[in-house]
$ cat work-v8.pdb   # PDB, C-alpha atoms and all ligand atoms
ATOM      1  CA  MET A   1     -66.379  41.579  -2.904
ATOM      2  CA  THR A   2     -63.627  40.007  -4.988
ATOM      3  CA  ARG A   3     -64.549  37.567  -7.701
ATOM      4  CA  THR A   4     -62.743  34.778  -5.824
ATOM      5  CA  ALA A   5     -64.658  35.484  -2.621
ATOM      6  CA  SER A   6     -68.022  35.523  -4.404
ATOM      7  CA  LEU A   7     -67.183  32.256  -6.166
ATOM      8  CA  ALA A   8     -66.251  30.728  -2.819
ATOM      9  CA  LEU A   9     -69.565  31.895  -1.332
ATOM     10  CA  ALA A  10     -71.485  30.487  -4.293
ATOM     11  CA  ALA A  11     -69.729  27.143  -3.844
ATOM     12  CA  LEU A  12     -70.677  27.167  -0.154
ATOM     13  CA  ALA A  13     -74.304  27.907  -1.003
ATOM     14  CA  VAL A  14     -74.375  24.960  -3.422
ATOM     15  CA  ALA A  15     -72.822  22.701  -0.777
ATOM     16  CA  ALA A  16     -75.436  23.848   1.758
ATOM     17  CA  LEU A  17     -78.250  23.100  -0.697
ATOM     18  CA  ALA A  18     -76.849  19.666  -1.472
ATOM     19  CA  PHE A  19     -76.677  19.000   2.259
ATOM     20  CA  ALA A  20     -80.115  20.247   3.251
ATOM     21  CA  HIS A  21     -82.333  17.473   1.947
ATOM     22  CA  PRO A  22     -85.989  17.940   2.717
ATOM     23  CA  HIS A  23     -87.410  16.109   5.727
ATOM     24  CA  PHE A  24     -91.154  15.551   5.671
ATOM     25  CA  ASN A  25     -93.735  15.187   8.399
ATOM     26  CA  LYS A  26     -95.695  12.216   7.124
ATOM     27  CA  THR A  27     -98.876  10.451   8.094
ATOM     28  CA  VAL A  28     -99.783   6.959   6.978
ATOM     29  CA  SER A  29    -103.278   5.856   7.836
ATOM     30  CA  THR A  30    -105.564   2.997   6.995
ATOM     31  CA  THR A  31    -108.188   0.738   8.489
ATOM     32  CA  ILE A  32    -107.448  -2.818   9.537
ATOM     33  CA  GLY A  33    -110.806  -4.537   9.882
ATOM     34  CA  GLU A  34    -112.845  -1.890  11.668
ATOM     35  CA  THR A  35    -109.880  -0.289  13.387
ATOM     36  CA  GLU A  36    -108.368   2.976  12.240
ATOM     37  CA  VAL A  37    -104.597   2.826  12.408
ATOM     38  CA  SER A  38    -102.368   5.799  11.739
ATOM     39  CA  VAL A  39     -98.684   6.579  11.990
ATOM     40  CA  SER A  40     -97.175  10.068  12.048
ATOM     41  CA  TYR A  41     -93.454  10.550  11.746
ATOM     42  CA  ASN A  42     -90.665  12.712  10.403
ATOM     43  CA  SER A  43     -88.511  11.350   7.565
ATOM     44  CA  THR A  44     -85.386  12.119   9.530
ATOM     45  CA  ASP A  45     -81.872  11.102   8.438
ATOM     46  CA  ALA A  46     -81.011   7.487   9.084
ATOM     47  CA  ASN A  47     -77.926   8.346  11.095
ATOM     48  CA  MET A  48     -76.128   5.028  11.449
ATOM     49  CA  ASP A  49     -73.246   6.621  13.380
ATOM     50  CA  HIS A  50     -75.785   7.286  16.096
ATOM     51  CA  VAL A  51     -77.077   3.704  15.915
ATOM     52  CA  GLU A  52     -73.514   2.400  16.489
ATOM     53  CA  GLY A  53     -73.448   3.851  19.991
ATOM     54  CA  ILE A  54     -76.775   2.464  21.198
ATOM     55  CA  GLU A  55     -76.765   0.010  24.082
ATOM     56  CA  ALA A  56     -78.822  -3.187  24.089
ATOM     57  CA  GLY A  57     -82.154  -2.810  25.836
ATOM     58  CA  THR A  58     -82.520   0.931  25.204
ATOM     59  CA  PHE A  59     -85.747   2.184  23.620
ATOM     60  CA  VAL A  60     -84.733   4.300  20.619
ATOM     61  CA  SER A  61     -87.227   6.451  18.766
ATOM     62  CA  PRO A  62     -85.848   8.873  16.132
ATOM     63  CA  ARG A  63     -88.075  11.973  16.296
ATOM     64  CA  GLY A  64     -90.748  10.042  18.235
ATOM     65  CA  PRO A  65     -92.957   8.493  15.548
ATOM     66  CA  ARG A  66     -96.524   8.052  16.794
ATOM     67  CA  LEU A  67     -99.009   5.249  16.338
ATOM     68  CA  ASN A  68    -102.707   5.712  16.987
ATOM     69  CA  VAL A  69    -105.185   2.843  17.054
ATOM     70  CA  SER A  70    -108.911   3.547  17.396
ATOM     71  CA  ALA A  71    -109.702   0.184  19.026
ATOM     72  CA  ASP A  72    -107.836  -2.691  20.625
ATOM     73  CA  VAL A  73    -105.828  -4.488  17.985
ATOM     74  CA  MET A  74    -104.055  -7.851  18.117
ATOM     75  CA  ALA A  75    -100.323  -7.842  17.427
ATOM     76  CA  GLY A  76     -99.281 -11.475  17.232
ATOM     77  CA  ASP A  77    -100.396 -12.862  20.596
ATOM     78  CA  MET A  78    -100.346  -9.416  22.238
ATOM     79  CA  THR A  79    -103.025  -6.760  22.290
ATOM     80  CA  ILE A  80    -102.333  -3.134  21.529
ATOM     81  CA  ALA A  81    -105.018  -1.273  23.480
ATOM     82  CA  ALA A  82    -106.772   1.613  21.765
ATOM     83  CA  GLY A  83    -104.731   4.774  22.176
ATOM     84  CA  GLU A  84    -101.577   6.611  21.277
ATOM     85  CA  TYR A  85     -98.056   5.202  21.336
ATOM     86  CA  THR A  86     -94.522   6.227  20.475
ATOM     87  CA  ILE A  87     -92.928   3.803  18.013
ATOM     88  CA  GLY A  88     -89.350   2.765  18.620
ATOM     89  CA  VAL A  89     -86.835  -0.031  18.396
ATOM     90  CA  VAL A  90     -84.889  -1.964  21.019
ATOM     91  CA  MET A  91     -81.635  -3.784  20.314
ATOM     92  CA  GLY A  92     -81.288  -7.278  21.718
ATOM     93  CA  ASP A  93     -78.089  -8.723  23.194
ATOM     94  CA  ASP A  94     -77.384 -10.432  19.839
ATOM     95  CA  GLY A  95     -77.401  -7.124  17.932
ATOM     96  CA  SER A  96     -80.742  -7.732  16.222
ATOM     97  CA  TRP A  97     -83.612  -5.285  16.691
ATOM     98  CA  SER A  98     -87.226  -5.489  17.783
ATOM     99  CA  MET A  99     -89.959  -2.987  17.213
ATOM    100  CA  ALA A 100     -91.510  -1.663  20.406
ATOM    101  CA  LEU A 101     -94.225   0.717  21.533
ATOM    102  CA  HIS A 102     -94.042   3.169  24.408
ATOM    103  CA  GLU A 103     -97.415   4.210  25.867
ATOM    104  CA  GLY A 104     -98.267   7.795  24.961
ATOM    105  CA  ARG A 105     -95.640  10.376  24.139
ATOM    106  CA  ILE A 106     -92.241  10.781  25.737
ATOM    107  CA  PRO A 107     -91.979  14.390  26.924
ATOM    108  CA  ARG A 108     -89.091  16.314  25.375
ATOM    109  CA  GLY A 109     -85.847  15.796  27.237
ATOM    110  CA  GLU A 110     -87.191  12.843  29.231
ATOM    111  CA  MET A 111     -85.974   9.263  29.109
ATOM    112  CA  PRO A 112     -88.360   6.536  27.974
ATOM    113  CA  ASP A 113     -90.101   4.796  30.885
ATOM    114  CA  MET A 114     -89.188   1.156  30.245
ATOM    115  CA  SER A 115     -92.201   0.014  32.315
ATOM    116  CA  LYS A 116     -94.354   1.570  29.552
ATOM    117  CA  VAL A 117     -92.535  -0.183  26.709
ATOM    118  CA  MET A 118     -94.037  -3.238  25.006
ATOM    119  CA  LYS A 119     -91.889  -5.215  22.572
ATOM    120  CA  LEU A 120     -93.843  -6.248  19.497
ATOM    121  CA  ASP A 121     -93.706  -9.592  17.726
ATOM    122  CA  SER A 122     -91.328  -8.404  15.009
ATOM    123  CA  ARG A 123     -88.756  -9.549  12.466
ATOM    124  CA  TYR A 124     -85.476  -7.800  11.766
ATOM    125  CA  SER A 125     -83.434  -7.864   8.571
ATOM    126  CA  ASP A 126     -80.345  -5.984   7.422
ATOM    127  CA  GLN A 127     -80.730  -7.411   3.895
ATOM    128  CA  MET A 128     -83.523  -5.182   2.591
ATOM    129  CA  GLY A 129     -81.478  -2.340   1.117
ATOM    130  CA  THR A 130     -80.846   1.065   2.585
ATOM    131  CA  ALA A 131     -83.235   3.873   3.443
ATOM    132  CA  ASP A 132     -81.276   7.113   3.796
ATOM    133  CA  HIS A 133     -84.307   8.638   5.474
ATOM    134  CA  MET A 134     -86.641   6.866   7.844
ATOM    135  CA  LEU A 135     -89.637   5.203   6.215
ATOM    136  CA  ILE A 136     -92.563   3.847   8.197
ATOM    137  CA  ASP A 137     -95.499   2.113   6.566
ATOM    138  CA  ILE A 138     -98.422  -0.209   7.136
ATOM    139  CA  THR A 139     -98.263  -2.892   4.506
ATOM    140  CA  ALA A 140     -98.520  -6.603   3.703
ATOM    141  CA  GLY A 141     -95.964  -8.665   5.563
ATOM    142  CA  SER A 142     -93.460 -11.102   4.108
ATOM    143  CA  GLY A 143     -91.674 -14.180   5.428
ATOM    144  CA  ASP A 144     -93.187 -15.211   8.773
ATOM    145  CA  PHE A 145     -95.769 -12.444   8.369
ATOM    146  CA  ALA A 146     -96.844 -13.287   4.807
ATOM    147  CA  GLY A 147    -100.547 -12.589   4.352
ATOM    148  CA  LYS A 148    -100.753 -10.422   7.463
ATOM    149  CA  PRO A 149    -100.757  -6.665   7.947
ATOM    150  CA  VAL A 150     -97.508  -5.342   9.375
ATOM    151  CA  LEU A 151     -96.019  -2.106  10.551
ATOM    152  CA  THR A 152     -92.631  -1.600   8.870
ATOM    153  CA  ILE A 153     -89.713   0.634   9.734
ATOM    154  CA  HIS A 154     -86.815   1.067   7.339
ATOM    155  CA  PHE A 155     -83.950   3.107   8.766
ATOM    156  CA  GLY A 156     -80.535   2.832   7.148
ATOM    157  CA  ASN A 157     -79.930  -0.895   6.678
ATOM    158  CA  MET A 158     -82.335  -1.750   9.502
ATOM    159  CA  HIS A 159     -85.640  -3.170   8.306
ATOM    160  CA  LEU A 160     -88.279  -4.264  10.792
ATOM    161  CA  GLN A 161     -91.736  -5.708  10.400
ATOM    162  CA  ALA A 162     -94.133  -6.061  13.304
ATOM    163  CA  ALA A 163     -97.457  -7.868  13.327
ATOM    164  CA  ILE A 164    -100.397  -5.529  13.692
ATOM    165  CA  GLY A 165    -104.067  -6.421  13.469
TER     166      GLY A 165
HETATM  167 CU    CU B   1     -81.905  14.289   5.425
END

$ encode --input "work-v8.pdb" --output "C-alpha cells"
Amino acid sequence: MTRTASLALAALAVAALAFAHPHFNKTVSTTIGETEVSVSYNSTDANMDHVEGIEAGTFVSPRGPRLNVSADVMAGDMTIAAGEYTIGVVMGDDGSWSMALHEGRIPRGEMPDMSKVMKLDSRYSDQMGTADHMLIDITAGSGDFAGKPVLTIHFGNMHLQAAIG
C-alpha cells in the first residue's frame, strides 16, 4: 500500500469514528405514588430532516420508546390504564406537537393503529435548546405542569412535557 493510500484510509477511519456516536438503550424508572412507571428507549439521532416530512396527525415514534405503568395512572383528566404503551408524538395542524401513547407495541413494519392512539395532555416548546440524541425522562414539570410529575421528550429542538400521575 502506498503511503498516500494508507493516509487516506486512516482519514476515512477517523471520519467513521467521528460519525459513529454511541446510541444507548436506556431505561428510566421510578414510582409515582404507588405506581411503578418505566420508560425504555434508544437514544437515537434526532433527525430533523425526517421530522420535516411528517404529516399532521401521524403518530411518530423514533425507535418505539416504551412506557410501562404497573397500575392505572391519571394523566391530566385522562387515565392511562395499567400496561405497556409505545410513546410517540403527533403533529397538530398548527405545527405544534403533542405527546401520545399507542397501546402495546407496534409490530415491525406495521403502521400505527390510530384507534389505539391516545393523545396526552401535553405542552410543546421549541425554545428549550437542542438534544442531538433523543432524551426521555420522568421529571418535575414546569409552566402549566409546575409541581406535577411529567414525562418529557427532547428530540432536536422539540421539547414536550406530558402530565403523568
Ligand atoms: Cu447518533

$ atom_distance --input "work-v8.pdb" --atom1 "atom CA of Asp144 of chain A" --atom2 "atom CA of Ala100 of chain A"
17.9 Å

$ closest_residue --input "work-v8.pdb" --among "A:His154, A:His50, A:Arg108, A:Lys119" --to "Ile138 of chain A" --atoms "all atoms listed in the file"
A:His154

$ atom_distance --input "work-v8.pdb" --atom1 "atom CA of Val117 of chain A" --atom2 "atom CA of Ala146 of chain A"
25.9 Å

$ resolve_selection --input "work-v8.pdb" --expression "the PyMOL selection byres (((chain A and resi 66-79) around 8) and not hetatm)" --output "PyMOL selection string"
chain A and resi 35-41+64-65+80-87+105+120-121+162-165

$ resolve_selection --input "work-v8.pdb" --expression "the PyMOL selection byres (((chain A and resi 53-58) around 10) and not hetatm)" --output "PyMOL selection string"
chain A and resi 48-52+59-61+88-98+111-112+114

$ residues_near_ligand --input "work-v8.pdb" --ligand "ligand CU 1 (chain B)" --cutoff "8 Å" --atoms "all atoms listed in the file" --output "count of residues only"
11

$ atom_distance --input "work-v8.pdb" --atom1 "atom CA of Ser115 of chain A" --atom2 "atom CA of Leu101 of chain A"
11.0 Å

$ resolve_selection --input "work-v8.pdb" --expression "the PyMOL selection byres (((chain A and resi 160) around 8) and not hetatm)" --output "PyMOL selection string"
chain A and resi 97-99+122-125+152-154+158-159+161-162

$ closest_residue --input "work-v8.pdb" --among "A:Asn47, A:Asn157, A:Thr139, A:Gln127" --to "Arg63 of chain A" --atoms "only C-alpha atoms"
A:Asn47

$ closest_residue --input "work-v8.pdb" --among "A:Met128, A:Val150, A:Asn42, A:Ile106" --to "Lys26 of chain A" --atoms "all atoms listed in the file"
A:Asn42

$ axis_aligned_box --input "work-v8.pdb" --around "segment 49-54 of chain A" --padding-each-side "3 Å" --output "JSON"
{"center_x": -75.2, "center_y": 4.8, "center_z": 17.3, "size_x": 9.8, "size_y": 10.9, "size_z": 13.8}

$ build_atoms --input "work-v8.pdb" --residues "segment 18-49 of chain A" --atoms "N, CA and C atoms" --output "PDB file, in the coordinates of the input"
ATOM      1  N   ALA A  18     -77.008  21.099  -1.266  1.00  0.00           N
ATOM      2  CA  ALA A  18     -76.849  19.666  -1.472  1.00  0.00           C
ATOM      3  C   ALA A  18     -77.022  18.928  -0.138  1.00  0.00           C
ATOM      4  N   PHE A  19     -76.647  19.604   0.937  1.00  0.00           N
ATOM      5  CA  PHE A  19     -76.677  19.000   2.259  1.00  0.00           C
ATOM      6  C   PHE A  19     -78.077  18.991   2.863  1.00  0.00           C
ATOM      7  N   ALA A  20     -78.826  20.076   2.585  1.00  0.00           N
ATOM      8  CA  ALA A  20     -80.115  20.247   3.251  1.00  0.00           C
ATOM      9  C   ALA A  20     -81.213  19.526   2.495  1.00  0.00           C
ATOM     10  N   HIS A  21     -81.238  18.180   2.618  1.00  0.00           N
ATOM     11  CA  HIS A  21     -82.333  17.473   1.947  1.00  0.00           C
ATOM     12  C   HIS A  21     -83.616  17.726   2.708  1.00  0.00           C
ATOM     13  N   PRO A  22     -84.722  17.698   2.016  1.00  0.00           N
ATOM     14  CA  PRO A  22     -85.989  17.940   2.717  1.00  0.00           C
ATOM     15  C   PRO A  22     -86.361  16.771   3.625  1.00  0.00           C
ATOM     16  N   HIS A  23     -86.887  17.100   4.793  1.00  0.00           N
ATOM     17  CA  HIS A  23     -87.410  16.109   5.727  1.00  0.00           C
ATOM     18  C   HIS A  23     -88.902  16.378   5.867  1.00  0.00           C
ATOM     19  N   PHE A  24     -89.711  15.364   5.723  1.00  0.00           N
ATOM     20  CA  PHE A  24     -91.154  15.551   5.671  1.00  0.00           C
ATOM     21  C   PHE A  24     -91.832  15.025   6.923  1.00  0.00           C
ATOM     22  N   ASN A  25     -92.847  15.755   7.384  1.00  0.00           N
ATOM     23  CA  ASN A  25     -93.735  15.187   8.399  1.00  0.00           C
ATOM     24  C   ASN A  25     -94.784  14.386   7.645  1.00  0.00           C
ATOM     25  N   LYS A  26     -94.836  13.091   7.909  1.00  0.00           N
ATOM     26  CA  LYS A  26     -95.695  12.216   7.124  1.00  0.00           C
ATOM     27  C   LYS A  26     -96.722  11.526   8.003  1.00  0.00           C
ATOM     28  N   THR A  27     -97.856  11.237   7.409  1.00  0.00           N
ATOM     29  CA  THR A  27     -98.876  10.451   8.094  1.00  0.00           C
ATOM     30  C   THR A  27     -99.291   9.323   7.164  1.00  0.00           C
ATOM     31  N   VAL A  28     -99.310   8.130   7.709  1.00  0.00           N
ATOM     32  CA  VAL A  28     -99.783   6.959   6.978  1.00  0.00           C
ATOM     33  C   VAL A  28    -100.992   6.464   7.744  1.00  0.00           C
ATOM     34  N   SER A  29    -102.129   6.350   7.087  1.00  0.00           N
ATOM     35  CA  SER A  29    -103.278   5.856   7.836  1.00  0.00           C
ATOM     36  C   SER A  29    -104.102   4.912   6.990  1.00  0.00           C
ATOM     37  N   THR A  30    -104.732   3.982   7.679  1.00  0.00           N
ATOM     38  CA  THR A  30    -105.564   2.997   6.995  1.00  0.00           C
ATOM     39  C   THR A  30    -106.526   2.406   8.012  1.00  0.00           C
ATOM     40  N   THR A  31    -107.373   1.492   7.543  1.00  0.00           N
ATOM     41  CA  THR A  31    -108.188   0.738   8.489  1.00  0.00           C
ATOM     42  C   THR A  31    -107.804  -0.727   8.361  1.00  0.00           C
ATOM     43  N   ILE A  32    -107.687  -1.373   9.514  1.00  0.00           N
ATOM     44  CA  ILE A  32    -107.448  -2.818   9.537  1.00  0.00           C
ATOM     45  C   ILE A  32    -108.694  -3.406  10.182  1.00  0.00           C
ATOM     46  N   GLY A  33    -109.482  -4.143   9.394  1.00  0.00           N
ATOM     47  CA  GLY A  33    -110.806  -4.537   9.882  1.00  0.00           C
ATOM     48  C   GLY A  33    -111.612  -3.275  10.100  1.00  0.00           C
ATOM     49  N   GLU A  34    -112.054  -3.078  11.345  1.00  0.00           N
ATOM     50  CA  GLU A  34    -112.845  -1.890  11.668  1.00  0.00           C
ATOM     51  C   GLU A  34    -111.989  -0.827  12.349  1.00  0.00           C
ATOM     52  N   THR A  35    -110.724  -1.150  12.562  1.00  0.00           N
ATOM     53  CA  THR A  35    -109.880  -0.289  13.387  1.00  0.00           C
ATOM     54  C   THR A  35    -109.101   0.703  12.539  1.00  0.00           C
ATOM     55  N   GLU A  36    -109.182   1.970  12.923  1.00  0.00           N
ATOM     56  CA  GLU A  36    -108.368   2.976  12.240  1.00  0.00           C
ATOM     57  C   GLU A  36    -106.975   2.973  12.845  1.00  0.00           C
ATOM     58  N   VAL A  37    -105.998   2.869  11.972  1.00  0.00           N
ATOM     59  CA  VAL A  37    -104.597   2.826  12.408  1.00  0.00           C
ATOM     60  C   VAL A  37    -103.864   3.942  11.687  1.00  0.00           C
ATOM     61  N   SER A  38    -103.147   4.780  12.430  1.00  0.00           N
ATOM     62  CA  SER A  38    -102.368   5.799  11.739  1.00  0.00           C
ATOM     63  C   SER A  38    -101.010   5.995  12.398  1.00  0.00           C
ATOM     64  N   VAL A  39    -100.068   6.349  11.560  1.00  0.00           N
ATOM     65  CA  VAL A  39     -98.684   6.579  11.990  1.00  0.00           C
ATOM     66  C   VAL A  39     -98.292   7.972  11.529  1.00  0.00           C
ATOM     67  N   SER A  40     -97.704   8.752  12.411  1.00  0.00           N
ATOM     68  CA  SER A  40     -97.175  10.068  12.048  1.00  0.00           C
ATOM     69  C   SER A  40     -95.704  10.085  12.407  1.00  0.00           C
ATOM     70  N   TYR A  41     -94.890  10.549  11.468  1.00  0.00           N
ATOM     71  CA  TYR A  41     -93.454  10.550  11.746  1.00  0.00           C
ATOM     72  C   TYR A  41     -92.755  11.579  10.886  1.00  0.00           C
ATOM     73  N   ASN A  42     -91.500  11.826  11.201  1.00  0.00           N
ATOM     74  CA  ASN A  42     -90.665  12.712  10.403  1.00  0.00           C
ATOM     75  C   ASN A  42     -89.627  11.865   9.671  1.00  0.00           C
ATOM     76  N   SER A  43     -89.451  12.148   8.376  1.00  0.00           N
ATOM     77  CA  SER A  43     -88.511  11.350   7.565  1.00  0.00           C
ATOM     78  C   SER A  43     -87.089  11.819   7.835  1.00  0.00           C
ATOM     79  N   THR A  44     -86.692  11.636   9.070  1.00  0.00           N
ATOM     80  CA  THR A  44     -85.386  12.119   9.530  1.00  0.00           C
ATOM     81  C   THR A  44     -84.248  11.289   8.924  1.00  0.00           C
ATOM     82  N   ASP A  45     -83.035  11.827   8.961  1.00  0.00           N
ATOM     83  CA  ASP A  45     -81.872  11.102   8.438  1.00  0.00           C
ATOM     84  C   ASP A  45     -81.661   9.805   9.191  1.00  0.00           C
ATOM     85  N   ALA A  46     -81.374   8.757   8.451  1.00  0.00           N
ATOM     86  CA  ALA A  46     -81.011   7.487   9.084  1.00  0.00           C
ATOM     87  C   ALA A  46     -79.538   7.576   9.468  1.00  0.00           C
ATOM     88  N   ASN A  47     -79.296   8.097  10.646  1.00  0.00           N
ATOM     89  CA  ASN A  47     -77.926   8.346  11.095  1.00  0.00           C
ATOM     90  C   ASN A  47     -77.353   7.091  11.758  1.00  0.00           C
ATOM     91  N   MET A  48     -76.619   6.310  10.952  1.00  0.00           N
ATOM     92  CA  MET A  48     -76.128   5.028  11.449  1.00  0.00           C
ATOM     93  C   MET A  48     -74.967   5.196  12.428  1.00  0.00           C
ATOM     94  N   ASP A  49     -74.290   6.367  12.376  1.00  0.00           N
ATOM     95  CA  ASP A  49     -73.246   6.621  13.380  1.00  0.00           C
ATOM     96  C   ASP A  49     -73.872   6.656  14.767  1.00  0.00           C
TER      97      ASP A  49
END
